[in-house]
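Peer 1: Below are the structure tokens for one structure; questions will follow.
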Protein chains: 2
Amino acid sequence: MKNKTDRIKFIRQVCLENNVSSQEELLSILKDNGFNLTQATLSRDLKRLKISKTLTPQGLYRYVVPLSTFPVSHTPEVRKMGVGSLEFSGHLAVIKTKSGYAGGIASEIDSSANSAILGTVAGDDTIIIVPREGFSREEITKALTKILEESEH
Amino acid sequence: MKNKTDRIKFIRQVCLENNVSSQEELLSILKDNGFNLTQATLSRDLKRLKISKTLTPQGLYRYVVPLSTFPVSHTPEVRKMGVGSLEFSGHLAVIKTKSGYAGGIASEIDSSANSAILGTVAGDDTIIIVPREGFSREEITKALTKILEESEH
DNA sequence: CTTCATAATGAATAAATATTCGATTTTTCT
DNA sequence: AGAAAAATCGAATATTTATTCATTATGAAG
């Protein structure tokens with residue numbers, strides 16, 4: 001049996017390329033391709049992927065992948081803190097948090113004085129992070145992940 | 001009992017303005033507002049409206065009105081809300097508002113969970129909006145206009 | 001005013017989907 | 001390595017949503 005990561009990728013691909021109208025249908029496609037799982041797991045996978053059953057203009061049901069899925073740094077610790085997602089736009093990084101958490105988490109980031117982070121501003125559930133010049137997205141991601149994990153302890 | 005057309009309009013409005021996460025919940029809102037119907041009829045109404053239960057970036061369920069059926073009207077109401085101007089700088093959008101309004105309007109934008117908008121932060125009369133990569137200024141403008149119109153009524 | 005067709009609806013039910021629970025595996029921490 | 005924490009997953013179940021079936025309302029044509 002193949003692993004979860006492959007399965008998740010495959011599910012996304014199938015939903016992008018086919019008109020899938022129920023989990024049962026998707027399940028049988030998965031089984032045909034060597035993935036062995038139950039409807040319960042599929043339901044959970046779809047939830048992770050934020051894929052949901054929507055209505056087409058023709059009034060038919062279809063499972064659709066949302067326009068933008070969120071590349072997320074998702075260690076359990078980070079999630080515990082209320083961090084929902086980390087995504088880049090231009091040279092800025094944006095963290096979405098649980099409502100009301102942005103200020104607190106931003107101040108954790110500020111106080112870490114990490115050399116990759118120039119500064120942050122926070123709204124209610126959004127933190128905008130301004131990286132220092134010369135740092136890659138990967139470096140920023142690592143730095144933020146580390147800060148958030150450390151602040152847990 | 002009110003008629004079908006009114007009911008359909010009302011359902012659409014409720015779904016635009018509230019976080020409705022199940023038909024039962026919506027049903028009780030409808031009953032509170034004098035609409036008497038059963039879940040069966042509601043299910044059919046939602047299908048007519050192409051409103052479906054989707055997952056928010058936070059992983060919660062919400063009934064959402066699809067973009068394509070949003071009404072397209074223009075600026076007068078938007079002004080009422082205290083929005084002064086929308087202008088771009090680099091890949092960021094900035095909205096200037098009446099003094100004190102920025103936080104409230106920003107939270108409308110955040111709660112819309114529009115796929116074109118990554119997040120916002122607000123001061124007193126200024127909202128900085130970070131668009132998702134891959135969206136044009138025109139798309140961002142349209143998205144924001146829609147969000148603000150919807151929140152008006 | 002009937003008659004026929006169509007739409008609207010609720011009750012009951014079917015179908016589809018989400019979650020709980022317990023068992024197992026994997027990961028993390030020391 | 002070994003303990004503790006967390007993730008994964010299936011079976012069963014709960015919950016939610018769609019549809020069927022029967023009934024009543026609505027409306028058009030004779």
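Labels used: A, B, ... for chains in the order of the structure tokens, numbers from 1 for residues in each chain, and numbers from 1 for ligands as shown.
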Just need the residues of chain B within 9 Å of chain D, counting only C-alpha atoms (C1' of nucleotides), so spit them out as a PyMOL selection string.
Peer 2: chain B and resi 22-24+39-40+43-44
Peer 1: Could you work out which residues of chain C fall inside 12 Å of chain A? Count only C-alpha atoms (C1' of nucleotides), and format the result as a ChimeraX atom specification.
Peer 2: /C:15-20,27-28
Peer 1: Taking only C-alpha atoms into account, name the residue in B:Leu86, B:Ile95, B:Leu42, B:Val64 that is nearest to chain A.
Peer 2: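 Of B:Leu86, B:Ile95, B:Leu42, B:Val64, the one nearest chain A is B:Val64, counting only C-alpha atoms.
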Peer 1: Between A:Val20, A:Ile109, A:Ile140, A:Ile127, single out the one closest to chain B, counting only C-alpha atoms.
Peer 2: A:Ile127
Peer 1: Could you build a table of the residues in chain B lying no more than 9 Å from chain A, giving for each the nearest pair of atoms and their separation in Å rounded to one decimal place, using only C-alpha atoms, ordered by chain and ascending residue number, as JSON lines?
Peer 2:
```
{"residue": "B:Lys47", "atom": "CA", "partner": "A:Gly59", "partner_atom": "CA", "distance": 7.2}
{"residue": "B:Arg48", "atom": "CA", "partner": "A:Gly59", "partner_atom": "CA", "distance": 7.7}
{"residue": "B:Lys50", "atom": "CA", "partner": "A:Leu55", "partner_atom": "CA", "distance": 5.4}
{"residue": "B:Ile51", "atom": "CA", "partner": "A:Leu55", "partner_atom": "CA", "distance": 7.3}
{"residue": "B:Ser52", "atom": "CA", "partner": "A:Thr54", "partner_atom": "CA", "distance": 5.4}
{"residue": "B:Lys53", "atom": "CA", "partner": "A:Ser52", "partner_atom": "CA", "distance": 7.2}
{"residue": "B:Thr54", "atom": "CA", "partner": "A:Ser52", "partner_atom": "CA", "distance": 5.4}
{"residue": "B:Leu55", "atom": "CA", "partner": "A:Lys50", "partner_atom": "CA", "distance": 5.4}
{"residue": "B:Thr56", "atom": "CA", "partner": "A:Lys50", "partner_atom": "CA", "distance": 7.4}
{"residue": "B:Pro57", "atom": "CA", "partner": "A:Lys50", "partner_atom": "CA", "distance": 7.5}
{"residue": "B:Gln58", "atom": "CA", "partner": "A:Gly84", "partner_atom": "CA", "distance": 6.5}
{"residue": "B:Gly59", "atom": "CA", "partner": "A:Lys50", "partner_atom": "CA", "distance": 7.2}
{"residue": "B:Gly90", "atom": "CA", "partner": "A:Gly90", "partner_atom": "CA", "distance": 8.9}
{"residue": "B:His91", "atom": "CA", "partner": "A:Gly90", "partner_atom": "CA", "distance": 6.7}
{"residue": "B:Leu92", "atom": "CA", "partner": "A:Gly90", "partner_atom": "CA", "distance": 8.8}
{"residue": "B:Gly103", "atom": "CA", "partner": "A:Gly123", "partner_atom": "CA", "distance": 8.2}
{"residue": "B:Ala106", "atom": "CA", "partner": "A:Gly123", "partner_atom": "CA", "distance": 8.6}
{"residue": "B:Ser107", "atom": "CA", "partner": "A:Asp124", "partner_atom": "CA", "distance": 7.7}
{"residue": "B:Asp110", "atom": "CA", "partner": "A:Asp125", "partner_atom": "CA", "distance": 8.0}
{"residue": "B:Ser115", "atom": "CA", "partner": "A:Ser68", "partner_atom": "CA", "distance": 6.6}
{"residue": "B:Ala116", "atom": "CA", "partner": "A:Ser68", "partner_atom": "CA", "distance": 8.6}
{"residue": "B:Leu118", "atom": "CA", "partner": "A:Val94", "partner_atom": "CA", "distance": 7.4}
{"residue": "B:Gly119", "atom": "CA", "partner": "A:Thr126", "partner_atom": "CA", "distance": 5.8}
{"residue": "B:Thr120", "atom": "CA", "partner": "A:Thr126", "partner_atom": "CA", "distance": 6.2}
{"residue": "B:Val121", "atom": "CA", "partner": "A:Gly123", "partner_atom": "CA", "distance": 4.3}
{"residue": "B:Ala122", "atom": "CA", "partner": "A:Gly123", "partner_atom": "CA", "distance": 6.0}
{"residue": "B:Gly123", "atom": "CA", "partner": "A:Gly123", "partner_atom": "CA", "distance": 8.4}
{"residue": "B:Val130", "atom": "CA", "partner": "A:Ser89", "partner_atom": "CA", "distance": 7.1}
{"residue": "B:Pro131", "atom": "CA", "partner": "A:Ser89", "partner_atom": "CA", "distance": 7.0}
{"residue": "B:Arg132", "atom": "CA", "partner": "A:Ser89", "partner_atom": "CA", "distance": 5.9}
{"residue": "B:Glu133", "atom": "CA", "partner": "A:Ser89", "partner_atom": "CA", "distance": 5.4}
```
Peer 1: Now that the selection is made, can you save its residues with C-alpha atoms as a CSV table (one decimal), in the first residue's frame?
Peer 2:
```csv
chain,number,residue,atom,x,y,z
B,47,LYS,CA,-29.5,23.7,-5.1
B,48,ARG,CA,-31.3,26.3,-7.2
B,50,LYS,CA,-25.9,26.7,-6.3
B,51,ILE,CA,-25.0,27.4,-2.7
B,52,SER,CA,-22.9,24.6,-1.3
B,53,LYS,CA,-21.2,23.7,1.9
B,54,THR,CA,-17.5,24.3,1.6
B,55,LEU,CA,-14.4,24.3,3.8
B,56,THR,CA,-12.9,27.6,5.0
B,57,PRO,CA,-9.2,27.9,5.2
B,58,GLN,CA,-9.6,27.3,8.9
B,59,GLY,CA,-11.2,24.0,8.2
B,90,GLY,CA,3.7,47.3,-5.7
B,91,HIS,CA,1.9,44.1,-5.0
B,92,LEU,CA,0.0,45.5,-2.1
B,103,GLY,CA,-10.5,47.7,11.6
B,106,ALA,CA,-10.7,44.9,7.3
B,107,SER,CA,-12.5,42.3,9.3
B,110,ASP,CA,-10.9,38.8,6.3
B,115,SER,CA,-9.4,33.3,-2.5
B,116,ALA,CA,-7.8,36.4,-4.0
B,118,LEU,CA,-4.3,36.5,1.5
B,119,GLY,CA,-4.8,38.8,4.5
B,120,THR,CA,-5.1,42.3,5.8
B,121,VAL,CA,-3.9,44.4,8.6
B,122,ALA,CA,-5.5,47.7,9.7
B,123,GLY,CA,-4.5,50.9,11.4
B,130,VAL,CA,-1.9,41.4,0.7
B,131,PRO,CA,-3.2,39.7,-2.4
B,132,ARG,CA,-2.4,36.1,-3.2
B,133,GLU,CA,0.2,35.7,-5.9
```
Peer 1: Kindly give the distance, in Å, that separates atom CA of B:Arg137 and atom CA of B:Ile105, rounded to a single decimal.
Peer 2: 19.4 Å
Peer 1: Can you tell me how far atom CA of A:Leu37 sits from atom CA of A:Asn18, in Å to one decimal?
Peer 2: 19.6 Å
Peer 1: Please indicate the distance in Å from atom CA of B:Glu138 to atom CA of B:Asn19, rounded to one decimal place.
Peer 2: 27.2 Å
Peer 1: List every residue of chain A that DSSP, applied to the backbone of this structure, places in strand (DSSP E or B), and write the result as a PyMOL selection string.
Peer 2: chain A and resi 52-55+61-64+83-89+92-97+117-122+126-131
Peer 1: Convert the current residue selection to file output with C-alpha atoms, as a PDB file, in the first residue's frame.
Peer 2:
```
ATOM      1  CA  SER A  52     -15.747  20.018  -1.211  1.00  0.00           C
ATOM      2  CA  LYS A  53     -18.775  19.015  -3.188  1.00  0.00           C
ATOM      3  CA  THR A  54     -20.105  21.970  -5.079  1.00  0.00           C
ATOM      4  CA  LEU A  55     -22.736  22.583  -7.710  1.00  0.00           C
ATOM      5  CA  TYR A  61     -22.433  17.886  -8.161  1.00  0.00           C
ATOM      6  CA  ARG A  62     -18.693  17.938  -8.385  1.00  0.00           C
ATOM      7  CA  TYR A  63     -15.818  17.738  -5.945  1.00  0.00           C
ATOM      8  CA  VAL A  64     -13.616  20.723  -6.580  1.00  0.00           C
ATOM      9  CA  VAL A  83      -1.306  29.340  13.469  1.00  0.00           C
ATOM     10  CA  GLY A  84      -3.366  28.363  10.480  1.00  0.00           C
ATOM     11  CA  SER A  85      -1.109  28.890   7.517  1.00  0.00           C
ATOM     12  CA  LEU A  86       2.052  30.484   6.270  1.00  0.00           C
ATOM     13  CA  GLU A  87       2.133  31.768   2.750  1.00  0.00           C
ATOM     14  CA  PHE A  88       4.242  34.150   0.725  1.00  0.00           C
ATOM     15  CA  SER A  89       3.180  36.974  -1.518  1.00  0.00           C
ATOM     16  CA  LEU A  92       6.246  39.392   2.255  1.00  0.00           C
ATOM     17  CA  ALA A  93       5.203  36.412   4.306  1.00  0.00           C
ATOM     18  CA  VAL A  94       1.722  36.223   5.756  1.00  0.00           C
ATOM     19  CA  ILE A  95       0.610  34.078   8.641  1.00  0.00           C
ATOM     20  CA  LYS A  96      -3.087  33.509   9.157  1.00  0.00           C
ATOM     21  CA  THR A  97      -4.053  32.684  12.720  1.00  0.00           C
ATOM     22  CA  ILE A 117      12.961  38.759  10.148  1.00  0.00           C
ATOM     23  CA  LEU A 118      12.990  42.505   9.888  1.00  0.00           C
ATOM     24  CA  GLY A 119       9.636  43.099  11.538  1.00  0.00           C
ATOM     25  CA  THR A 120       5.957  42.284  11.663  1.00  0.00           C
ATOM     26  CA  VAL A 121       2.587  43.943  11.871  1.00  0.00           C
ATOM     27  CA  ALA A 122      -0.543  42.174  12.984  1.00  0.00           C
ATOM     28  CA  THR A 126      -3.289  38.094   9.995  1.00  0.00           C
ATOM     29  CA  ILE A 127       0.397  38.757  10.539  1.00  0.00           C
ATOM     30  CA  ILE A 128       2.438  40.405   7.836  1.00  0.00           C
ATOM     31  CA  ILE A 129       6.095  39.549   8.146  1.00  0.00           C
ATOM     32  CA  VAL A 130       8.738  41.606   6.426  1.00  0.00           C
ATOM     33  CA  PRO A 131      11.836  39.489   5.849  1.00  0.00           C
TER      34      PRO A 131
END
```
